[in-house]
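Visitor: Next up is a structure, given as structure tokens.
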Amino acid sequence: MKNNAIIKPILFVLLLLVISTNAFSNIRLPNIIGSHMVVQQKSKIKIWGWGSPAEKVTIKPSWDTTQYVAETNNGAKWSTEILTPKAGGPYTISIIGENTIILEDVMVGEVWVCSGQSNMEWSGDQGLQETKDEAPNATNTNIRFFYVPKSTSEYPQENIDAKWVVCNPEDMKHFSAIGYFFGKNLQANLNGPVGLINANWGGTPAETWTPEYVINTSPIIKKGAAELSDFPWWSSKTAITYNAMIAPLTNYTIAGVIWYQGESNTGSHYAYEQLFTGMIDAWRLAWKKDFPFYFMQIGPFSYERLNIGALLREAQTKSALHTNTGMVVLSDLVPDTNNIHPTRKIEVAARLANLALHNTYGFSQILANGPLYKSYSLDKDEVIIQLDNIGGGLICKDKEISQFQIAGADKIFIPAQAKIVGNTIVVTNKDIKNPIAVRYSFSNTAIGNVFNKEGLPLNLFRTDNWEMDTSLIKK
């Protein structure tokens, strides 16, 4: 009797341990993998999660009969890669271990990350009228949102507190306007599902979105980072938004990234090209994919220091030479240079979508790039500017071309006269007989009026590399 009295409690405890172990051994998924998600079409994508060590996990997508098997390692993690078909859906994905998870309403299509600071974040939450007007018509089962909440971390994270939702009027009002209109344009042209991952934070400098090792590789980048200041609404500490808001996404296969940021880096414009291209390379390394990275050039704005906006836009222009990148010039879409948040997001998103459609999806009939400075030559008192991406030809949208400046040996720039001659622009000033340099729209607030016939603006440029005045503007 005594032995039985002892054995029964022991058996009871063992039973509790078994029940407890089973209760906590269920396979689990990161939130980026869930019902209503869009997975990248015609790709080998990663499915991963957690479970009991040595647990066998079987993945069964409904688009074919293939079964994929993974095993949880001694760190309680498992992963495998599965093949996806061409765009379509809805499908299910069954994930079977000691428990079963069935992901429903899964679409196969194109997945894009939308990131940056406030101009990417801007939505109906900030009173954007374009979003409010669109919202009643925003029900679209072929567009899906994953909204990454603002978060920071000292170290790279593995999960995000968010979920996929089908595009609907309410969620659309809170989503990035540029992200939504970009996705809507892609979805209409590609005739397939589009998944949009929204990861942005107004005011954040690029350093916060960049892994720490990139910051430490360059004295110039470190110098720029050291000059940043924190604000009540965002931190400027390096890597903290990357760790919390980007790192958990990097196992999820994407088509590419769209980016709108730079206003918070104007003070350290000299470091931006190295910083930005280093960030792009770091993201691609983390994703193990050389995906396209398309970004918006910041718009003209009345900054407190001379020329820092123009110098940042110049750094972005140089960054656009980086492999598999592209830049949207939006200087003509800024109705008020005292507003750092231009409101014409639909047109900006259309240019961005055209860039992706042309470069990534092969829509060769779309001219996605506006005129860019190529080179110059001197002919007595004339400076002749050669351009790329002229499309059907060059036009001026006003009676006279504006925003050109010219300088001689004294390096003092004065307003210039300019005229379109064929596919070139000839720049002169009767008071300068031997010009040596030309600038176009090279100031914080300048908005030029030269376009190609397709309606895309000539980007700012300068033929010199002289040091520029960035002193505080006297009010």
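For the structure tokens, the naming scheme is as follows: chains receive sequential letters (A, B, ...) according to their order of presentation, residues are indexed from 1 within each chain, and ligands are indexed from 1 in presentation order.
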Which residues come within 12 Å of Asp281 of chain A, counting only C-alpha atoms, excluding same-chain residues fewer than 2 positions away, as a PDB file with C-alpha atoms, in the first residue's frame?
Guide:
```pdb
ATOM      1  CA  THR A 210      21.772  50.253 -41.300  1.00  0.00           C
ATOM      2  CA  PRO A 211      23.523  47.329 -39.556  1.00  0.00           C
ATOM      3  CA  TYR A 213      29.065  46.829 -39.023  1.00  0.00           C
ATOM      4  CA  VAL A 214      28.426  49.140 -41.989  1.00  0.00           C
ATOM      5  CA  GLN A 274      28.664  55.699 -48.717  1.00  0.00           C
ATOM      6  CA  LEU A 275      26.076  55.176 -45.994  1.00  0.00           C
ATOM      7  CA  PHE A 276      23.150  54.565 -48.332  1.00  0.00           C
ATOM      8  CA  THR A 277      24.910  52.213 -50.736  1.00  0.00           C
ATOM      9  CA  GLY A 278      26.419  50.400 -47.756  1.00  0.00           C
ATOM     10  CA  MET A 279      22.928  49.987 -46.309  1.00  0.00           C
ATOM     11  CA  TRP A 283      20.166  44.454 -46.798  1.00  0.00           C
ATOM     12  CA  ARG A 284      20.912  42.414 -49.908  1.00  0.00           C
ATOM     13  CA  LEU A 285      23.485  40.390 -48.003  1.00  0.00           C
ATOM     14  CA  ALA A 286      20.984  39.700 -45.232  1.00  0.00           C
ATOM     15  CA  TRP A 287      18.334  38.607 -47.754  1.00  0.00           C
ATOM     16  CA  LYS A 288      20.944  36.727 -49.824  1.00  0.00           C
ATOM     17  CA  LYS A 289      19.474  38.322 -52.921  1.00  0.00           C
ATOM     18  CA  ASP A 290      20.548  41.168 -55.208  1.00  0.00           C
ATOM     19  CA  PHE A 291      17.021  42.565 -55.382  1.00  0.00           C
ATOM     20  CA  PRO A 292      16.156  45.880 -57.068  1.00  0.00           C
ATOM     21  CA  PHE A 293      16.229  48.880 -54.758  1.00  0.00           C
ATOM     22  CA  SER A 319      23.867  56.394 -55.302  1.00  0.00           C
ATOM     23  CA  HIS A 322      24.895  51.550 -57.631  1.00  0.00           C
ATOM     24  CA  THR A 323      24.048  48.102 -58.986  1.00  0.00           C
ATOM     25  CA  ASN A 324      20.360  47.400 -59.623  1.00  0.00           C
ATOM     26  CA  THR A 325      19.066  50.656 -58.188  1.00  0.00           C
TER      27      THR A 325
END
```
Visitor: Give me the residues near segment 235-252 of chain A as number ranges by chain, where near means some atom within 9 Å (using only C-alpha atoms) and where sequence neighbours in that chain fewer than 4 positions away do not count.
Guide: A: 30, 32-33, 39-40, 45-48, 148-160, 199-201, 203-212, 215, 225, 228-231, 283-284, 286-288
Visitor: Write out the residues from the selection above, keeping N, CA and C atoms, as a short mmCIF file (atom, residue, chain, number, x, y, z; two decimals), in the first residue's frame.
Guide:
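Contents of result.cif, as written:
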```
data_model
loop_
_atom_site.label_atom_id
_atom_site.label_comp_id
_atom_site.auth_asym_id
_atom_site.auth_seq_id
_atom_site.Cartn_x
_atom_site.Cartn_y
_atom_site.Cartn_z
N PRO A 30 6.90 32.49 -37.40
CA PRO A 30 7.00 33.95 -37.27
C PRO A 30 5.76 34.58 -37.86
N ILE A 32 5.34 36.92 -39.92
CA ILE A 32 5.40 37.25 -41.34
C ILE A 32 4.87 36.10 -42.20
N ILE A 33 4.85 34.89 -41.61
CA ILE A 33 4.28 33.74 -42.30
C ILE A 33 2.91 33.47 -41.70
N VAL A 39 3.24 35.30 -51.12
CA VAL A 39 4.59 34.77 -51.24
C VAL A 39 5.09 35.03 -52.66
N GLN A 40 6.39 35.18 -52.80
CA GLN A 40 6.98 35.55 -54.07
C GLN A 40 6.82 34.44 -55.10
N ILE A 45 11.26 29.77 -51.83
CA ILE A 45 11.07 30.60 -50.65
C ILE A 45 11.31 29.80 -49.38
N LYS A 46 11.65 30.49 -48.32
CA LYS A 46 11.93 29.85 -47.04
C LYS A 46 10.70 29.85 -46.16
N ILE A 47 10.41 28.72 -45.58
CA ILE A 47 9.39 28.59 -44.53
C ILE A 47 10.13 28.14 -43.28
N TRP A 48 9.91 28.81 -42.16
CA TRP A 48 10.70 28.52 -40.96
C TRP A 48 9.87 28.77 -39.70
N VAL A 148 4.56 46.78 -40.29
CA VAL A 148 5.53 46.58 -39.21
C VAL A 148 5.40 47.73 -38.21
N PRO A 149 5.10 47.46 -36.96
CA PRO A 149 4.96 48.55 -35.98
C PRO A 149 6.33 49.15 -35.64
N LYS A 150 6.32 50.41 -35.24
CA LYS A 150 7.56 51.07 -34.83
C LYS A 150 8.14 50.34 -33.63
N SER A 151 9.42 50.00 -33.74
CA SER A 151 10.08 49.30 -32.67
C SER A 151 11.58 49.45 -32.82
N THR A 152 12.32 49.31 -31.74
CA THR A 152 13.78 49.38 -31.79
C THR A 152 14.37 48.23 -31.00
N SER A 153 15.62 47.92 -31.31
CA SER A 153 16.31 46.88 -30.57
C SER A 153 17.82 47.06 -30.71
N GLU A 154 18.54 46.72 -29.67
CA GLU A 154 19.99 46.76 -29.70
C GLU A 154 20.57 45.62 -30.53
N TYR A 155 19.78 44.55 -30.70
CA TYR A 155 20.26 43.36 -31.39
C TYR A 155 19.21 42.90 -32.42
N PRO A 156 19.65 42.22 -33.50
CA PRO A 156 18.70 41.74 -34.50
C PRO A 156 17.66 40.80 -33.90
N GLN A 157 16.40 41.04 -34.26
CA GLN A 157 15.28 40.25 -33.76
C GLN A 157 14.83 39.22 -34.79
N GLU A 158 13.98 38.27 -34.33
CA GLU A 158 13.52 37.19 -35.21
C GLU A 158 12.04 37.25 -35.51
N ASN A 159 11.30 38.13 -34.85
CA ASN A 159 9.86 38.16 -35.07
C ASN A 159 9.34 39.58 -34.94
N ILE A 160 8.16 39.80 -35.47
CA ILE A 160 7.51 41.10 -35.49
C ILE A 160 6.07 40.93 -35.06
N ALA A 199 7.48 49.21 -43.54
CA ALA A 199 8.41 49.34 -42.41
C ALA A 199 9.06 50.71 -42.47
N ASN A 200 8.48 51.68 -41.80
CA ASN A 200 9.00 53.04 -41.88
C ASN A 200 8.79 53.77 -40.57
N TRP A 201 9.48 54.92 -40.44
CA TRP A 201 9.39 55.70 -39.20
C TRP A 201 9.81 57.12 -39.52
N GLY A 203 11.16 60.73 -39.60
CA GLY A 203 12.26 61.41 -38.95
C GLY A 203 13.54 60.61 -38.83
N THR A 204 13.48 59.30 -39.04
CA THR A 204 14.66 58.48 -38.81
C THR A 204 15.73 58.71 -39.87
N PRO A 205 16.98 58.89 -39.45
CA PRO A 205 18.08 58.95 -40.41
C PRO A 205 18.42 57.54 -40.91
N ALA A 206 19.13 57.47 -42.02
CA ALA A 206 19.45 56.17 -42.61
C ALA A 206 20.30 55.31 -41.70
N GLU A 207 21.05 55.93 -40.80
CA GLU A 207 21.89 55.16 -39.88
C GLU A 207 21.09 54.18 -39.04
N THR A 208 19.86 54.54 -38.67
CA THR A 208 19.06 53.64 -37.83
C THR A 208 18.64 52.40 -38.60
N TRP A 209 18.60 52.48 -39.93
CA TRP A 209 18.18 51.37 -40.78
C TRP A 209 19.37 50.55 -41.29
N THR A 210 20.55 50.85 -40.78
CA THR A 210 21.77 50.25 -41.30
C THR A 210 22.45 49.40 -40.23
N PRO A 211 22.83 48.16 -40.54
CA PRO A 211 23.52 47.33 -39.56
C PRO A 211 24.78 48.01 -39.03
N GLU A 212 25.09 47.73 -37.79
CA GLU A 212 26.19 48.41 -37.11
C GLU A 212 27.53 48.23 -37.83
N ILE A 215 28.31 50.93 -40.38
CA ILE A 215 28.70 52.21 -39.78
C ILE A 215 30.19 52.19 -39.42
N ALA A 225 27.34 59.86 -38.49
CA ALA A 225 26.49 59.30 -37.44
C ALA A 225 26.69 60.02 -36.12
N LEU A 228 24.49 63.18 -35.49
CA LEU A 228 23.04 63.08 -35.39
C LEU A 228 22.55 63.40 -33.99
N SER A 229 21.32 63.88 -33.91
CA SER A 229 20.70 64.18 -32.63
C SER A 229 19.39 63.42 -32.49
N ASP A 230 19.06 63.03 -31.27
CA ASP A 230 17.78 62.39 -30.99
C ASP A 230 16.69 63.43 -30.84
N PHE A 231 15.46 63.00 -31.04
CA PHE A 231 14.28 63.84 -30.87
C PHE A 231 13.23 63.07 -30.09
N TRP A 283 21.49 45.07 -46.70
CA TRP A 283 20.17 44.45 -46.80
C TRP A 283 20.20 43.29 -47.78
N ARG A 284 20.84 43.49 -48.92
CA ARG A 284 20.91 42.41 -49.91
C ARG A 284 21.68 41.22 -49.35
N ALA A 286 21.85 40.35 -46.22
CA ALA A 286 20.98 39.70 -45.23
C ALA A 286 19.91 38.86 -45.91
N TRP A 287 19.36 39.35 -47.01
CA TRP A 287 18.33 38.61 -47.75
C TRP A 287 18.93 37.54 -48.66
N LYS A 288 20.26 37.62 -48.89
CA LYS A 288 20.94 36.73 -49.82
C LYS A 288 20.34 36.84 -51.23
#
```
Visitor: If we count only C-alpha atoms and set the cut-off at 9 Å, which residues sit around His174 of chain A, ignoring sequence neighbours fewer than 3 positions away in its own chain? Please answer as a PDB file with C-alpha atoms, in the first residue's frame.
Guide:
```
ATOM      1  CA  GLU A 121       5.015  56.711 -43.847  1.00  0.00           C
ATOM      2  CA  TRP A 122       2.544  59.480 -44.823  1.00  0.00           C
ATOM      3  CA  SER A 123      -1.033  58.195 -44.997  1.00  0.00           C
ATOM      4  CA  GLY A 124      -4.564  59.092 -44.041  1.00  0.00           C
ATOM      5  CA  ASP A 125      -3.347  59.183 -40.449  1.00  0.00           C
ATOM      6  CA  GLN A 126      -1.555  62.408 -41.317  1.00  0.00           C
ATOM      7  CA  THR A 131      -5.667  58.558 -49.249  1.00  0.00           C
ATOM      8  CA  GLU A 170      -9.849  51.002 -43.137  1.00  0.00           C
ATOM      9  CA  ASP A 171      -6.375  49.446 -43.244  1.00  0.00           C
ATOM     10  CA  ALA A 177       0.168  56.131 -49.423  1.00  0.00           C
TER      11      ALA A 177
END
```
Visitor: As a PyMOL selection string, please: the residues near Ile406 of chain A (cut-off 7 Å, only C-alpha atoms, same-chain neighbours under 4 positions excluded).
Guide: chain A and resi 413-416+435+437-439
Visitor: Work out how far apart atom CA of Ile96 of chain A and atom CA of Thr253 of chain A are and give it in Å to one decimal.
Guide: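 Distance reported for this atom pair: 21.7 Å.
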Visitor: Find the residues around His269 of chain A up to 8 Å (only C-alpha atoms counted), leave out those fewer than 5 positions away in its own chain, and share them as a PDB file with N, CA and C atoms, in the first residue's frame.
Guide:
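Written file, around_21.pdb:
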```pdb
ATOM      1  N   ILE A 308      22.190  72.337 -48.433  1.00  0.00           N
ATOM      2  CA  ILE A 308      22.307  70.972 -47.933  1.00  0.00           C
ATOM      3  C   ILE A 308      21.299  70.023 -48.601  1.00  0.00           C
ATOM      4  N   LEU A 311      22.797  69.169 -52.012  1.00  0.00           N
ATOM      5  CA  LEU A 311      23.927  68.259 -51.853  1.00  0.00           C
ATOM      6  C   LEU A 311      23.472  66.846 -51.496  1.00  0.00           C
ATOM      7  N   LEU A 312      22.388  66.723 -50.742  1.00  0.00           N
ATOM      8  CA  LEU A 312      21.852  65.402 -50.448  1.00  0.00           C
ATOM      9  C   LEU A 312      21.260  64.786 -51.704  1.00  0.00           C
ATOM     10  N   ALA A 315      24.012  63.457 -53.698  1.00  0.00           N
ATOM     11  CA  ALA A 315      24.481  62.180 -53.165  1.00  0.00           C
ATOM     12  C   ALA A 315      23.548  61.043 -53.560  1.00  0.00           C
TER      13      ALA A 315
END
```
Visitor: From the DSSP assignment of the backbone, select every residue of segment 243-346 of chain A that is helix (DSSP H, G or I), and format the answer as a PyMOL selection string.
Guide: chain A and resi 243-249+263-287+308-319+331-333+345-346
Visitor: Between atom CA of Tyr294 of chain A and atom CA of Ser364 of chain A, what is the spacing in Å?
Guide: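 It comes out at 17.1 Å.
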Visitor: What does the structure give for the distance between atom CA of Met107 of chain A and atom CA of Asp133 of chain A, in Å to one decimal?
Guide: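 If I compute the distance from atom CA of Met107 of chain A to atom CA of Asp133 of chain A, I get 27.2 Å.
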Visitor: Return the single residue from A:Lys399, A:Glu314, A:Tyr373, A:Asp410 that is closest to Ile425 of chain A, with distances computed using only C-alpha atoms.
Guide: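 When distances to Ile425 of chain A are compared using only C-alpha atoms, the smallest one comes from A:Tyr373.
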Visitor: For Lys184 of chain A, work out the shell of residues within 8 Å, counting only C-alpha atoms and skipping chain neighbours fewer than 4 positions away, then give it as a list in words.
Guide: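 Those residues are Ile143, Tyr180 and Ala188 of chain A.
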Visitor: As an NGL selection string, please: all residues of segment 72-276 of chain A that backbone DSSP puts in strand (DSSP E).
Guide: :A and (77-83 or 88-96 or 100-116 or 140-147 or 164-167 or 194-200 or 256-260)
Visitor: Within 9 Å of segment 335-347 of chain A, which residues of segment 164-225 of chain A show up? Give each one with its shortest atom-to-atom distance in Å (one decimal) and the two atoms involved, counting only C-alpha atoms, rows by chain then rising residue number, as a tab-separated table.
Guide:
```
residue	atom	partner	partner_atom	distance
A:Ala177	CA	A:Lys345	CA	6.6
A:Ile178	CA	A:Lys345	CA	5.7
A:Phe181	CA	A:Ile346	CA	6.1
A:Phe182	CA	A:Ile346	CA	8.1
```
Visitor: With only C-alpha atoms as the counted atoms, please give the residues lying no more than 7 Å from segment 374-376 of chain A, apart from itself and same-chain residues fewer than 6 positions off, as a list in words.
Guide: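 Selected residues are Val383, Ile384, Ile385, Gln386, Leu387 and Asp388 of chain A.
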Visitor: Once you have the residues from the selection above, write them out as a PDB file, in the first residue's frame, restricted to N, CA and C atoms.
Guide:
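The resulting part.pdb:
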```
ATOM      1  N   VAL A 383      28.566  77.107 -72.824  1.00  0.00           N
ATOM      2  CA  VAL A 383      28.738  75.781 -72.226  1.00  0.00           C
ATOM      3  C   VAL A 383      27.636  74.886 -72.794  1.00  0.00           C
ATOM      4  N   ILE A 384      28.039  73.803 -73.407  1.00  0.00           N
ATOM      5  CA  ILE A 384      27.086  72.906 -74.073  1.00  0.00           C
ATOM      6  C   ILE A 384      26.911  71.664 -73.202  1.00  0.00           C
ATOM      7  N   ILE A 385      25.684  71.440 -72.773  1.00  0.00           N
ATOM      8  CA  ILE A 385      25.365  70.352 -71.851  1.00  0.00           C
ATOM      9  C   ILE A 385      24.776  69.176 -72.624  1.00  0.00           C
ATOM     10  N   GLN A 386      25.406  68.015 -72.484  1.00  0.00           N
ATOM     11  CA  GLN A 386      24.871  66.778 -73.064  1.00  0.00           C
ATOM     12  C   GLN A 386      24.122  66.001 -71.983  1.00  0.00           C
ATOM     13  N   LEU A 387      23.019  65.390 -72.371  1.00  0.00           N
ATOM     14  CA  LEU A 387      22.140  64.705 -71.413  1.00  0.00           C
ATOM     15  C   LEU A 387      21.841  63.284 -71.853  1.00  0.00           C
ATOM     16  N   ASP A 388      21.515  62.443 -70.888  1.00  0.00           N
ATOM     17  CA  ASP A 388      20.968  61.109 -71.140  1.00  0.00           C
ATOM     18  C   ASP A 388      19.470  61.115 -70.887  1.00  0.00           C
TER      19      ASP A 388
END
```
